[in-house]
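Dumped final.cif below, it's mmCIF, C-alpha atoms:
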```
data_coords
loop_
_atom_site.label_atom_id
_atom_site.label_comp_id
_atom_site.auth_asym_id
_atom_site.auth_seq_id
_atom_site.Cartn_x
_atom_site.Cartn_y
_atom_site.Cartn_z
CA MET H 1 43.83 -9.81 -0.31
CA ALA H 2 44.25 -10.37 3.42
CA GLU H 3 46.26 -13.40 4.46
CA ARG H 4 43.52 -15.19 6.42
CA PHE H 5 39.75 -15.21 6.25
CA ILE H 6 38.19 -13.81 9.44
CA TYR H 7 34.62 -14.74 10.27
CA LEU H 8 32.76 -12.18 12.40
CA ASP H 9 29.15 -13.18 11.67
CA ASN H 10 28.60 -15.64 14.50
CA ALA H 11 25.23 -14.08 15.40
CA ALA H 12 23.98 -15.56 12.11
CA THR H 13 25.59 -18.95 12.72
CA THR H 14 28.76 -19.94 14.53
CA PHE H 15 31.63 -20.85 12.25
CA PRO H 16 33.68 -22.89 12.44
CA LYS H 17 32.03 -25.54 14.58
CA PRO H 18 34.18 -27.57 16.98
CA SER H 19 35.88 -30.09 14.70
CA SER H 20 35.88 -32.79 17.38
CA ALA H 21 32.10 -32.45 17.78
CA LEU H 22 31.56 -32.64 14.01
CA ARG H 23 33.66 -35.79 13.76
CA ARG H 24 31.71 -37.48 16.55
CA MET H 25 28.44 -36.38 14.95
CA LEU H 26 29.39 -38.04 11.69
CA GLU H 27 30.68 -41.18 13.42
CA THR H 28 27.45 -41.57 15.37
CA TYR H 29 25.30 -40.97 12.29
CA LEU H 30 27.30 -43.49 10.26
CA ARG H 31 26.60 -46.02 13.00
CA LEU H 32 22.99 -45.14 13.90
CA GLY H 33 21.63 -43.15 10.97
CA VAL H 34 18.22 -44.81 10.69
CA SER H 35 14.82 -43.32 11.46
CA PRO H 36 14.48 -43.07 15.26
CA GLY H 37 11.23 -44.36 16.72
CA ARG H 38 10.07 -45.88 13.41
CA GLY H 39 11.09 -49.49 13.93
CA SER H 40 11.48 -52.16 16.62
CA TYR H 41 14.84 -53.44 15.40
CA ASP H 42 17.84 -52.82 17.62
CA ILE H 43 19.48 -49.97 15.71
CA ALA H 44 16.21 -48.00 15.50
CA THR H 45 15.70 -48.47 19.23
CA GLU H 46 19.26 -47.29 19.87
CA ALA H 47 18.65 -44.21 17.71
CA GLN H 48 15.47 -43.43 19.64
CA ASP H 49 17.35 -43.84 22.92
CA PHE H 50 19.86 -41.25 21.67
CA VAL H 51 17.01 -38.84 20.89
CA ASN H 52 15.53 -39.38 24.36
CA ARG H 53 18.89 -38.77 26.04
CA THR H 54 19.29 -35.54 24.10
CA ARG H 55 15.86 -34.37 25.25
CA GLN H 56 16.97 -35.07 28.82
CA LYS H 57 20.21 -33.14 28.31
CA LEU H 58 18.31 -30.17 26.90
CA ALA H 59 15.77 -30.24 29.73
CA GLN H 60 18.61 -30.12 32.25
CA PHE H 61 20.40 -27.42 30.25
CA PHE H 62 17.34 -25.14 30.26
CA GLY H 63 15.95 -26.06 33.69
CA ALA H 64 12.86 -27.50 32.01
CA PRO H 65 10.85 -29.83 34.28
CA ASP H 66 9.83 -32.43 31.67
CA PRO H 67 12.09 -33.86 28.92
CA GLU H 68 8.99 -35.05 27.06
CA ARG H 69 8.11 -31.40 26.54
CA VAL H 70 11.38 -30.62 24.77
CA ILE H 71 10.32 -30.45 21.13
CA PHE H 72 12.74 -30.71 18.19
CA THR H 73 12.22 -28.18 15.40
CA SER H 74 14.25 -27.05 12.40
CA ASN H 75 15.35 -23.76 14.02
CA ALA H 76 14.21 -21.00 16.39
CA THR H 77 11.91 -19.48 13.75
CA ASP H 78 10.12 -22.80 13.43
CA ALA H 79 9.85 -23.08 17.22
CA LEU H 80 8.49 -19.54 17.55
CA ASN H 81 5.84 -20.20 14.92
CA ILE H 82 4.76 -23.33 16.77
CA ALA H 83 4.53 -21.42 20.05
CA ILE H 84 2.75 -18.34 18.71
CA GLN H 85 0.25 -20.11 16.49
CA GLY H 86 -0.34 -22.88 19.00
CA MET H 87 -0.88 -20.69 22.06
CA VAL H 88 -3.25 -18.00 20.78
CA LYS H 89 -6.93 -18.15 19.85
CA PRO H 90 -9.24 -15.74 18.02
CA GLY H 91 -9.73 -12.55 20.01
CA ASP H 92 -6.48 -12.87 21.98
CA HIS H 93 -4.02 -10.06 22.58
CA VAL H 94 -0.22 -10.54 22.45
CA ILE H 95 2.61 -8.34 23.72
CA SER H 96 6.06 -8.23 22.15
CA THR H 97 8.71 -5.54 21.62
CA ARG H 98 10.24 -3.36 18.92
CA LEU H 99 13.51 -5.27 19.37
CA GLU H 100 12.14 -8.38 17.71
CA HIS H 101 13.42 -10.40 14.81
CA ASN H 102 11.01 -11.10 11.95
CA SER H 103 10.62 -14.63 13.32
CA VAL H 104 8.30 -13.04 15.89
CA LEU H 105 7.08 -9.96 14.00
CA ARG H 106 5.91 -11.79 10.89
CA PRO H 107 3.81 -14.48 12.61
CA LEU H 108 2.15 -11.77 14.72
CA ASN H 109 1.44 -9.58 11.70
CA HIS H 110 0.05 -12.48 9.67
CA LEU H 111 -2.27 -13.43 12.53
CA ARG H 112 -3.46 -9.83 12.86
CA LEU H 113 -3.97 -9.59 9.11
CA LYS H 114 -6.33 -12.56 9.40
CA SER H 115 -8.14 -10.80 12.28
CA ILE H 116 -7.20 -13.61 14.67
CA ILE H 117 -5.26 -11.56 17.23
CA ASP H 118 -4.18 -8.06 18.10
CA PHE H 119 -0.80 -7.15 19.54
CA ASP H 120 1.23 -4.31 21.01
CA LEU H 121 4.98 -3.75 20.74
CA VAL H 122 6.75 -2.28 23.75
CA PRO H 123 9.61 0.13 22.90
CA PHE H 124 13.21 -0.15 24.10
CA ASP H 125 15.01 2.62 25.94
CA GLY H 126 18.09 4.65 25.06
CA LYS H 127 20.39 1.86 26.17
CA GLY H 128 18.57 -0.87 24.25
CA PHE H 129 16.52 -2.46 27.03
CA VAL H 130 12.80 -3.06 27.53
CA ASP H 131 11.28 -1.76 30.77
CA PRO H 132 9.45 -4.58 32.62
CA GLU H 133 6.92 -2.04 33.89
CA ALA H 134 6.11 -1.09 30.30
CA VAL H 135 5.35 -4.74 29.59
CA ALA H 136 3.14 -4.92 32.67
CA ALA H 137 1.31 -1.72 31.66
CA ALA H 138 0.55 -3.16 28.21
CA ILE H 139 -1.19 -6.26 29.58
CA ARG H 140 -4.94 -6.31 28.94
CA SER H 141 -7.70 -8.56 30.19
CA ASN H 142 -7.46 -10.60 26.97
CA THR H 143 -3.64 -10.76 26.82
CA ARG H 144 -2.75 -14.44 26.37
CA LEU H 145 0.94 -14.25 25.52
CA VAL H 146 4.07 -12.15 26.04
CA ILE H 147 6.87 -13.10 23.66
CA LEU H 148 10.21 -11.38 23.25
CA SER H 149 13.86 -11.89 22.38
CA HIS H 150 16.18 -12.72 25.27
CA ALA H 151 18.92 -10.71 23.52
CA SER H 152 18.64 -8.39 20.54
CA ASN H 153 20.34 -9.66 17.39
CA VAL H 154 21.07 -6.04 16.42
CA LEU H 155 22.15 -4.43 19.70
CA GLY H 156 23.22 -7.48 21.70
CA THR H 157 21.37 -6.23 24.78
CA ILE H 158 20.19 -8.96 27.15
CA GLN H 159 16.68 -8.16 28.31
CA PRO H 160 15.61 -8.29 31.99
CA ILE H 161 13.71 -11.55 31.59
CA GLU H 162 13.51 -12.34 35.29
CA GLU H 163 11.75 -9.05 36.06
CA ILE H 164 9.50 -9.35 33.01
CA GLY H 165 8.67 -12.89 34.09
CA ARG H 166 7.58 -11.67 37.51
CA CYS H 167 5.28 -9.07 35.92
CA CYS H 168 3.75 -11.72 33.67
CA SER H 169 3.33 -14.16 36.54
CA LEU H 170 1.47 -11.57 38.63
CA LYS H 171 -0.95 -11.05 35.73
CA GLY H 172 -1.21 -14.77 34.89
CA VAL H 173 0.15 -14.31 31.34
CA PRO H 174 2.55 -16.86 29.81
CA LEU H 175 6.01 -15.58 28.86
CA VAL H 176 7.89 -17.12 25.92
CA ILE H 177 11.43 -16.09 25.00
CA ASP H 178 13.31 -16.21 21.73
CA ALA H 179 16.71 -17.50 22.89
CA ALA H 180 18.31 -17.60 19.45
CA GLN H 181 21.13 -15.27 20.57
CA THR H 182 21.52 -16.54 24.14
CA ALA H 183 21.05 -20.31 24.25
CA GLY H 184 24.49 -21.79 24.82
CA ILE H 185 26.14 -18.57 26.02
CA ILE H 186 23.80 -17.23 28.75
CA PRO H 187 22.42 -19.55 31.48
CA ILE H 188 18.64 -19.94 31.16
CA ASP H 189 16.54 -21.65 33.82
CA MET H 190 12.92 -22.02 32.84
CA MET H 191 11.57 -22.46 36.35
CA SER H 192 13.44 -19.64 38.07
CA LEU H 193 12.64 -17.22 35.22
CA GLY H 194 8.96 -18.17 35.15
CA LEU H 195 8.98 -19.08 31.46
CA ALA H 196 6.16 -20.82 29.63
CA ALA H 197 8.48 -21.83 26.78
CA ILE H 198 11.96 -21.28 25.36
CA ALA H 199 12.53 -21.23 21.60
CA PHE H 200 16.14 -21.97 20.67
CA THR H 201 18.27 -22.78 17.66
CA GLY H 202 21.14 -25.24 17.57
CA HIS H 203 23.44 -23.59 15.05
CA LYS H 204 24.50 -20.47 16.94
CA SER H 205 26.02 -20.52 20.45
CA MET H 206 24.88 -24.11 20.97
CA LEU H 207 27.50 -25.00 18.32
CA GLY H 208 25.40 -27.54 16.44
CA PRO H 209 24.68 -27.73 12.72
CA THR H 210 22.07 -25.73 10.84
CA GLY H 211 18.59 -27.20 10.53
CA ILE H 212 18.05 -28.11 14.18
CA GLY H 213 16.41 -26.20 17.02
CA GLY H 214 13.74 -26.71 19.58
CA LEU H 215 11.03 -25.54 21.92
CA ALA H 216 11.15 -26.32 25.64
CA VAL H 217 7.61 -26.12 27.04
CA ASN H 218 6.61 -25.88 30.70
CA ARG H 219 4.27 -28.51 32.15
CA ASP H 220 1.24 -26.25 32.61
CA VAL H 221 1.35 -24.79 29.07
CA GLU H 222 -0.99 -26.02 26.39
CA ILE H 223 0.10 -25.60 22.79
CA ALA H 224 -2.20 -26.79 20.04
CA PRO H 225 -0.53 -28.60 17.14
CA THR H 226 -0.46 -26.67 13.88
CA ARG H 227 1.05 -29.45 11.73
CA PHE H 228 -0.13 -33.00 11.48
CA GLY H 229 1.34 -36.24 10.20
CA GLY H 230 3.21 -39.38 11.07
CA THR H 231 4.86 -39.68 14.45
CA GLY H 232 5.62 -43.38 14.70
CA ALA H 233 3.06 -43.65 17.51
CA ASP H 234 -0.68 -44.43 17.52
CA SER H 235 -0.59 -45.00 13.78
CA LYS H 236 -4.12 -46.48 13.66
CA SER H 237 -5.63 -43.07 14.42
CA LEU H 238 -6.38 -40.67 11.58
CA PHE H 239 -5.93 -37.75 13.97
CA HIS H 240 -2.67 -36.37 15.31
CA THR H 241 -1.68 -37.54 18.79
CA GLU H 242 -2.25 -35.23 21.76
CA THR H 243 0.69 -36.56 23.80
CA PHE H 244 4.04 -34.78 24.07
CA PRO H 245 6.52 -34.63 22.44
CA HIS H 246 4.81 -36.06 19.34
CA ARG H 247 1.98 -33.54 19.70
CA LEU H 248 4.26 -30.87 18.24
CA GLU H 249 6.50 -33.08 16.10
CA ALA H 250 5.26 -34.38 12.75
CA GLY H 251 7.37 -36.45 10.40
CA THR H 252 10.85 -37.90 10.71
CA LEU H 253 13.17 -35.98 13.00
CA ASN H 254 16.46 -34.43 11.87
CA PHE H 255 18.45 -37.15 13.59
CA MET H 256 21.84 -35.96 12.36
CA GLY H 257 21.03 -32.47 13.62
CA ILE H 258 20.01 -33.89 17.01
CA ILE H 259 23.33 -35.74 17.23
CA GLY H 260 25.19 -32.53 16.38
CA LEU H 261 23.20 -30.58 18.97
CA SER H 262 24.06 -33.18 21.60
CA GLU H 263 27.74 -32.93 20.72
CA GLY H 264 27.56 -29.14 20.88
CA LEU H 265 26.10 -29.37 24.39
CA ASP H 266 28.95 -31.64 25.42
CA TYR H 267 31.49 -29.17 24.06
CA ILE H 268 29.88 -26.29 25.97
CA GLU H 269 29.82 -28.34 29.16
CA ASN H 270 33.53 -29.13 28.84
CA GLU H 271 34.55 -25.56 28.01
CA THR H 272 31.84 -24.00 30.27
CA MET H 273 29.50 -21.22 29.21
CA ALA H 274 31.17 -18.85 31.65
CA SER H 275 34.60 -19.16 30.04
CA ILE H 276 33.22 -18.88 26.49
CA ARG H 277 31.24 -15.79 27.46
CA LEU H 278 34.22 -14.15 29.16
CA HIS H 279 36.23 -14.71 26.00
CA GLU H 280 33.58 -13.23 23.70
CA ILE H 281 32.91 -10.21 25.92
CA ALA H 282 36.64 -9.49 26.12
CA LEU H 283 36.74 -9.46 22.31
CA LEU H 284 33.64 -7.27 22.21
CA ARG H 285 35.19 -4.74 24.58
CA ARG H 286 38.41 -4.68 22.54
CA LEU H 287 36.44 -4.03 19.34
CA ARG H 288 34.21 -1.41 20.95
CA ASP H 289 37.18 0.50 22.35
CA GLY H 290 39.08 0.29 19.07
CA LEU H 291 36.21 1.44 16.88
CA ALA H 292 35.25 4.20 19.32
CA GLY H 293 38.61 5.83 18.61
CA LEU H 294 38.00 6.03 14.86
CA ASP H 295 36.66 9.29 13.47
CA GLY H 296 33.51 8.68 11.44
CA VAL H 297 32.50 5.37 13.05
CA MET H 298 29.13 5.39 14.81
CA LEU H 299 28.40 2.75 17.46
CA TYR H 300 24.96 1.82 18.75
CA ARG H 301 23.95 1.11 22.36
CA CYS H 302 27.26 -0.34 23.54
CA ASP H 303 28.41 2.06 26.27
CA GLU H 304 28.02 -0.67 28.89
CA LEU H 305 28.71 -4.33 28.07
CA ALA H 306 27.77 -6.24 31.22
CA ASP H 307 24.33 -7.11 29.84
CA HIS H 308 25.35 -7.79 26.25
CA VAL H 309 26.15 -10.80 24.13
CA GLY H 310 29.18 -10.73 21.88
CA LEU H 311 27.97 -8.56 19.02
CA LEU H 312 28.35 -4.93 18.08
CA THR H 313 26.57 -2.80 15.49
CA ALA H 314 28.24 0.15 13.77
CA ASN H 315 28.15 2.40 10.73
CA VAL H 316 30.70 4.50 8.87
CA ARG H 317 29.49 8.05 8.32
CA GLY H 318 28.84 8.72 4.65
CA LEU H 319 29.04 5.07 3.55
CA ASP H 320 26.28 2.57 2.91
CA PRO H 321 26.57 -0.36 5.35
CA GLU H 322 26.34 -2.86 2.48
CA ASP H 323 29.32 -1.15 0.87
CA VAL H 324 31.27 -1.33 4.13
CA GLY H 325 30.47 -5.02 4.39
CA ASP H 326 31.57 -5.63 0.80
CA ILE H 327 34.84 -3.76 1.37
CA LEU H 328 35.56 -5.69 4.57
CA ASP H 329 34.97 -8.92 2.69
CA GLY H 330 36.57 -8.21 -0.66
CA ASP H 331 39.54 -6.10 0.43
CA PHE H 332 40.28 -7.36 3.91
CA GLY H 333 38.88 -10.91 4.07
CA ILE H 334 36.55 -10.13 6.97
CA ALA H 335 32.99 -11.47 6.98
CA VAL H 336 30.34 -9.37 8.76
CA ARG H 337 26.59 -8.92 8.37
CA ALA H 338 25.35 -5.68 6.83
CA GLY H 339 21.74 -4.56 6.43
CA LEU H 340 18.60 -4.73 8.56
CA HIS H 341 19.38 -8.09 10.24
CA CYS H 342 15.73 -9.21 9.84
CA ALA H 343 14.83 -6.72 12.60
CA PRO H 344 13.50 -3.64 10.77
CA LEU H 345 11.84 -1.93 13.73
CA VAL H 346 15.08 -1.76 15.69
CA HIS H 347 16.66 0.12 12.81
CA GLU H 348 13.66 2.42 12.52
CA ASP H 349 14.12 3.41 16.15
CA LEU H 350 17.90 3.73 15.84
CA GLY H 351 17.51 5.97 12.80
CA THR H 352 19.49 3.52 10.65
CA ALA H 353 16.57 2.46 8.41
CA PRO H 354 16.22 1.72 5.58
CA ARG H 355 19.84 0.68 4.97
CA GLY H 356 20.65 -0.74 8.41
CA SER H 357 24.13 -1.16 9.83
CA VAL H 358 27.23 -3.33 9.98
CA ARG H 359 27.22 -6.08 12.62
CA PHE H 360 30.32 -7.72 14.06
CA SER H 361 29.68 -10.83 16.14
CA PHE H 362 32.01 -13.22 17.92
CA GLY H 363 32.24 -16.93 18.52
CA PRO H 364 34.46 -19.10 20.71
CA PHE H 365 37.18 -19.44 18.08
CA ASN H 366 37.74 -15.76 17.35
CA THR H 367 40.94 -14.17 18.60
CA GLU H 368 42.31 -10.80 19.61
CA ALA H 369 44.18 -10.77 16.30
CA ASP H 370 40.81 -11.02 14.50
CA VAL H 371 39.58 -7.98 16.40
CA ASP H 372 42.72 -5.99 15.69
CA ARG H 373 42.45 -6.77 11.99
CA ALA H 374 38.84 -5.58 11.99
CA ILE H 375 39.79 -2.33 13.74
CA GLU H 376 42.64 -1.77 11.31
CA ALA H 377 40.37 -2.43 8.34
CA MET H 378 37.70 -0.05 9.61
CA GLY H 379 40.40 2.55 10.17
CA LYS H 380 41.50 2.26 6.55
CA ILE H 381 37.90 2.44 5.34
CA THR H 382 37.20 5.62 7.32
CA ALA H 383 40.43 7.13 6.04
CA GLY H 384 39.76 6.04 2.46
CA LEU H 385 43.00 4.02 2.34
CA PRO H 386 43.61 0.83 0.32
CA PRO H 387 44.07 -2.52 2.08
CA CYS H 388 47.48 -3.92 2.93
CA LYS H 389 48.74 -6.42 0.33
CA SER H 390 49.83 -9.83 1.62
#
```
Represent the structure from my file as structure tokens, please.
Amino acid sequence: MAERFIYLDNAATTFPKPSSALRRMLETYLRLGVSPGRGSYDIATEAQDFVNRTRQKLAQFFGAPDPERVIFTSNATDALNIAIQGMVKPGDHVISTRLEHNSVLRPLNHLRLKSIIDFDLVPFDGKGFVDPEAVAAAIRSNTRLVILSHASNVLGTIQPIEEIGRCCSLKGVPLVIDAAQTAGIIPIDMMSLGLAAIAFTGHKSMLGPTGIGGLAVNRDVEIAPTRFGGTGADSKSLFHTETFPHRLEAGTLNFMGIIGLSEGLDYIENETMASIRLHEIALLRRLRDGLAGLDGVMLYRCDELADHVGLLTANVRGLDPEDVGDILDGDFGIAVRAGLHCAPLVHEDLGTAPRGSVRFSFGPFNTEADVDRAIEAMGKITAGLPPCKS
């Protein structure tokens, strides 16, 4: 067994989290862990003030014009469901891409199955990018939404959102992005990119805990609520409030998750996104170059890394990706993600379906030594050699 566990599955969730941020999260929750906005006593008011400050921090972080339109959700999938189901009506047409995660594909397919909407999926090119002109060409008179991932969770390619946003703006169609792989590592400015909404999760590059995410909504975007319940406001009414943020928030908020998200934002601000990204891309380049020199390793869409996040997808010729993942884990102590990555259409187009591929993904606490161990392990796997004994 390898001497130290190496975690290379940060595209699923970053691990470890910054220990200082986790300690402060727990300290704040121990002090303020009541239900925010559900009481007039001092500690409940203080908890609500913390929630409001975090909305303001997130609005500034994403260039969103109105903190009241920063909605807390349980994750990006939750946020995407709110956006998709709340923005479309019967007879509408939606555009997305073949790069998407099931958090977009499944809501769209369920809505089409119920004959509520129709949709088209724009392909990606040989380098893993969507052509903005292809998005523009797919827009119909009844297109009411364009929704796509900011970066692919399989290929790591960062899509040309600014150009796509211009195409959508010219046609008067709202653009929503799935920022699960980019929020916290790639600067996103809602206004300059012309975005109607940004769906994000807190547990990846934003370095918060699992179970927290959000949806930042532009001022001119109307999203109908799809869930109804208590909000702590206007309790005499038997109908859900129309005012933001409560319009899209039902039930008690994940206050501990909000605290952790706030602490993650503070950590990113102190370290800077630019420095974290430089670190992760340097590791990505080191891994790409090392694996490219191994006979039998196939790499996907990573010839150029300027417009990538820190993940790489590969396969070993003649081996099932799940087997490669199990060997990396069991024999070398390296955790990766093997399979379809909840993005089956990408693998169809890559020719890696139905078994998928092996994904390596970096976080701020990975090192060059982690990369070198992964390259060495893959070299032994391709050569059919046993692992080194510690």
### Task
Between atom CA of H:Ala196 and atom CA of H:Thr77, measure the distance and give it in Å to one decimal.
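Between atom CA of H:Ala196 and atom CA of H:Thr77 the gap works out to 16.9 Å.
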### Task
Compare H:Leu155, H:Ile82, H:Met87, H:Leu265 by their minimum atom-to-atom distance to H:Val309, counting only C-alpha atoms, and give me the closest one.
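Ranking H:Leu155, H:Ile82, H:Met87, H:Leu265 by distance to H:Val309, first place goes to H:Leu155.
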### Message
Residues within 8 Å of H:Gly232, please, as a ChimeraX atom specification. Count all atoms listed in the file; anything in the same chain fewer than 3 positions from it doesn't count.
### Response
/H:37-38,235
Write to file, as a short mmCIF file (atom, residue, chain, number, x, y, z; two decimals), in the frame of the given file, the residues of the selection just made, with C-alpha atoms.
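As a result, selection.cif now contains:
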```cif
data_model
loop_
_atom_site.label_atom_id
_atom_site.label_comp_id
_atom_site.auth_asym_id
_atom_site.auth_seq_id
_atom_site.Cartn_x
_atom_site.Cartn_y
_atom_site.Cartn_z
CA GLY H 37 11.23 -44.36 16.72
CA ARG H 38 10.07 -45.88 13.41
CA SER H 235 -0.59 -45.00 13.78
#
```
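Counting all atoms listed in the file, the residue from H:Phe360, H:Asn10, H:Phe200, H:Met378 that sits nearest to H:Arg317 is H:Met378.
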### Message
As a check of understanding, name the residues that the PyMOL selection byres ((chain H and resi 219-227) around 12) selects in the supplied structure, as a PyMOL selection string.
### Response
chain H and resi 59+64-71+73+78-89+144-145+172-176+190-191+194-198+215-218+228-231+239-251
### Query
What does the distance between atom CA of H:Ile95 and atom CA of H:Asn142 come to in Å, to one decimal place?
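Going from atom CA of H:Ile95 over to atom CA of H:Asn142, I get 10.8 Å.
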### Query
Pick the closest to H:Ile258 from H:Glu100, H:Gly211, H:Asp9, H:Asn315: which is it, counting only C-alpha atoms?
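Checking each candidate against H:Ile258, we get H:Gly211 as the closest.
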### Query
Separation of atom CA of H:Thr252 and atom CA of H:Ile147, in Å?
28.3 Å
### Task
Excluding H:Ser19 and residues on its chain fewer than 3 positions from it, collect all residues at most 12 Å away from it, counting only C-alpha atoms, and give them as an NGL selection string.
:H and (15-16 or 22-26 or 207-209 or 260 or 263-264 or 267 or 365)
### Task
Dump as an NGL selection string all residues having an atom at most 9 Å from (10.4, -5.3, 33.7), computed in the file's coordinates with only C-alpha atoms.
:H and (130-136 or 159-167)
Dump of C-alpha atoms for the selected residues, as a PDB file, in the coordinates of the input:
```
ATOM      1  CA  VAL H 130      12.800  -3.060  27.530  1.00  0.00           C
ATOM      2  CA  ASP H 131      11.280  -1.760  30.770  1.00  0.00           C
ATOM      3  CA  PRO H 132       9.450  -4.580  32.620  1.00  0.00           C
ATOM      4  CA  GLU H 133       6.920  -2.040  33.890  1.00  0.00           C
ATOM      5  CA  ALA H 134       6.110  -1.090  30.300  1.00  0.00           C
ATOM      6  CA  VAL H 135       5.350  -4.740  29.590  1.00  0.00           C
ATOM      7  CA  ALA H 136       3.140  -4.920  32.670  1.00  0.00           C
ATOM      8  CA  GLN H 159      16.680  -8.160  28.310  1.00  0.00           C
ATOM      9  CA  PRO H 160      15.610  -8.290  31.990  1.00  0.00           C
ATOM     10  CA  ILE H 161      13.710 -11.550  31.590  1.00  0.00           C
ATOM     11  CA  GLU H 162      13.510 -12.340  35.290  1.00  0.00           C
ATOM     12  CA  GLU H 163      11.750  -9.050  36.060  1.00  0.00           C
ATOM     13  CA  ILE H 164       9.500  -9.350  33.010  1.00  0.00           C
ATOM     14  CA  GLY H 165       8.670 -12.890  34.090  1.00  0.00           C
ATOM     15  CA  ARG H 166       7.580 -11.670  37.510  1.00  0.00           C
ATOM     16  CA  CYS H 167       5.280  -9.070  35.920  1.00  0.00           C
TER      17      CYS H 167
END
```
### Message
Translate the PyMOL selection byres ((chain H and resi 274-285) around 9) into a concrete residue list for this structure, as a PyMOL selection string.
### Response
chain H and resi 185-187+268+271-273+286-290+305-306+308-312+360-364+366-368+370-371
### Query
Out of H:Pro123, H:Asp320, H:Asp326, H:Thr313, which residue has the shortest atom-to-atom distance to H:Arg355 when counting all atoms listed in the file?
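Closest to H:Arg355, using all atoms listed in the file: H:Asp320.
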### Task
I would like the residues chosen by the PyMOL selection byres ((chain H and resi 345) around 8) on the shown file; could you give them as a list of chain:residue names?
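So the PyMOL selection byres ((chain H and resi 345) around 8), applied here, picks out H:Arg98, H:Leu99, H:Glu100, H:Ala343, H:Pro344, H:Val346, H:His347, H:Glu348, H:Asp349.
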Show me, as a PDB file with C-alpha atoms, keeping the file's coordinate frame, the residues that have an atom within 6 Å of H:Ser357 when counting all atoms listed in the file, minus same-chain residues fewer than 2 positions from it.
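Ended up saving to part_35.pdb:
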```pdb
ATOM      1  CA  ALA H 314      28.240   0.150  13.770  1.00  0.00           C
ATOM      2  CA  ASN H 315      28.150   2.400  10.730  1.00  0.00           C
ATOM      3  CA  PRO H 321      26.570  -0.360   5.350  1.00  0.00           C
ATOM      4  CA  ALA H 338      25.350  -5.680   6.830  1.00  0.00           C
ATOM      5  CA  GLY H 339      21.740  -4.560   6.430  1.00  0.00           C
TER       6      GLY H 339
END
```
### Message
Restricting the calculation to all atoms listed in the file: of H:Gly333, H:Ile188, H:Ala44, H:Asp295, which residue gets closest to H:Arg31?
### Response
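Distance minimum relative to H:Arg31 lands on H:Ala44.
Proximity ranking of H:Leu58, H:Met256, H:Leu111, H:Ala137 relative to H:Gly33 places H:Met256 first, based on only C-alpha atoms.
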### Message
Need to verify the contact set: H:Ala180, 8 Å, only C-alpha atoms, exclusion of same-chain residues closer than 5 positions in sequence. Can you return it as a PyMOL selection string?
### Response
chain H and resi 76+149-150+199-201+204
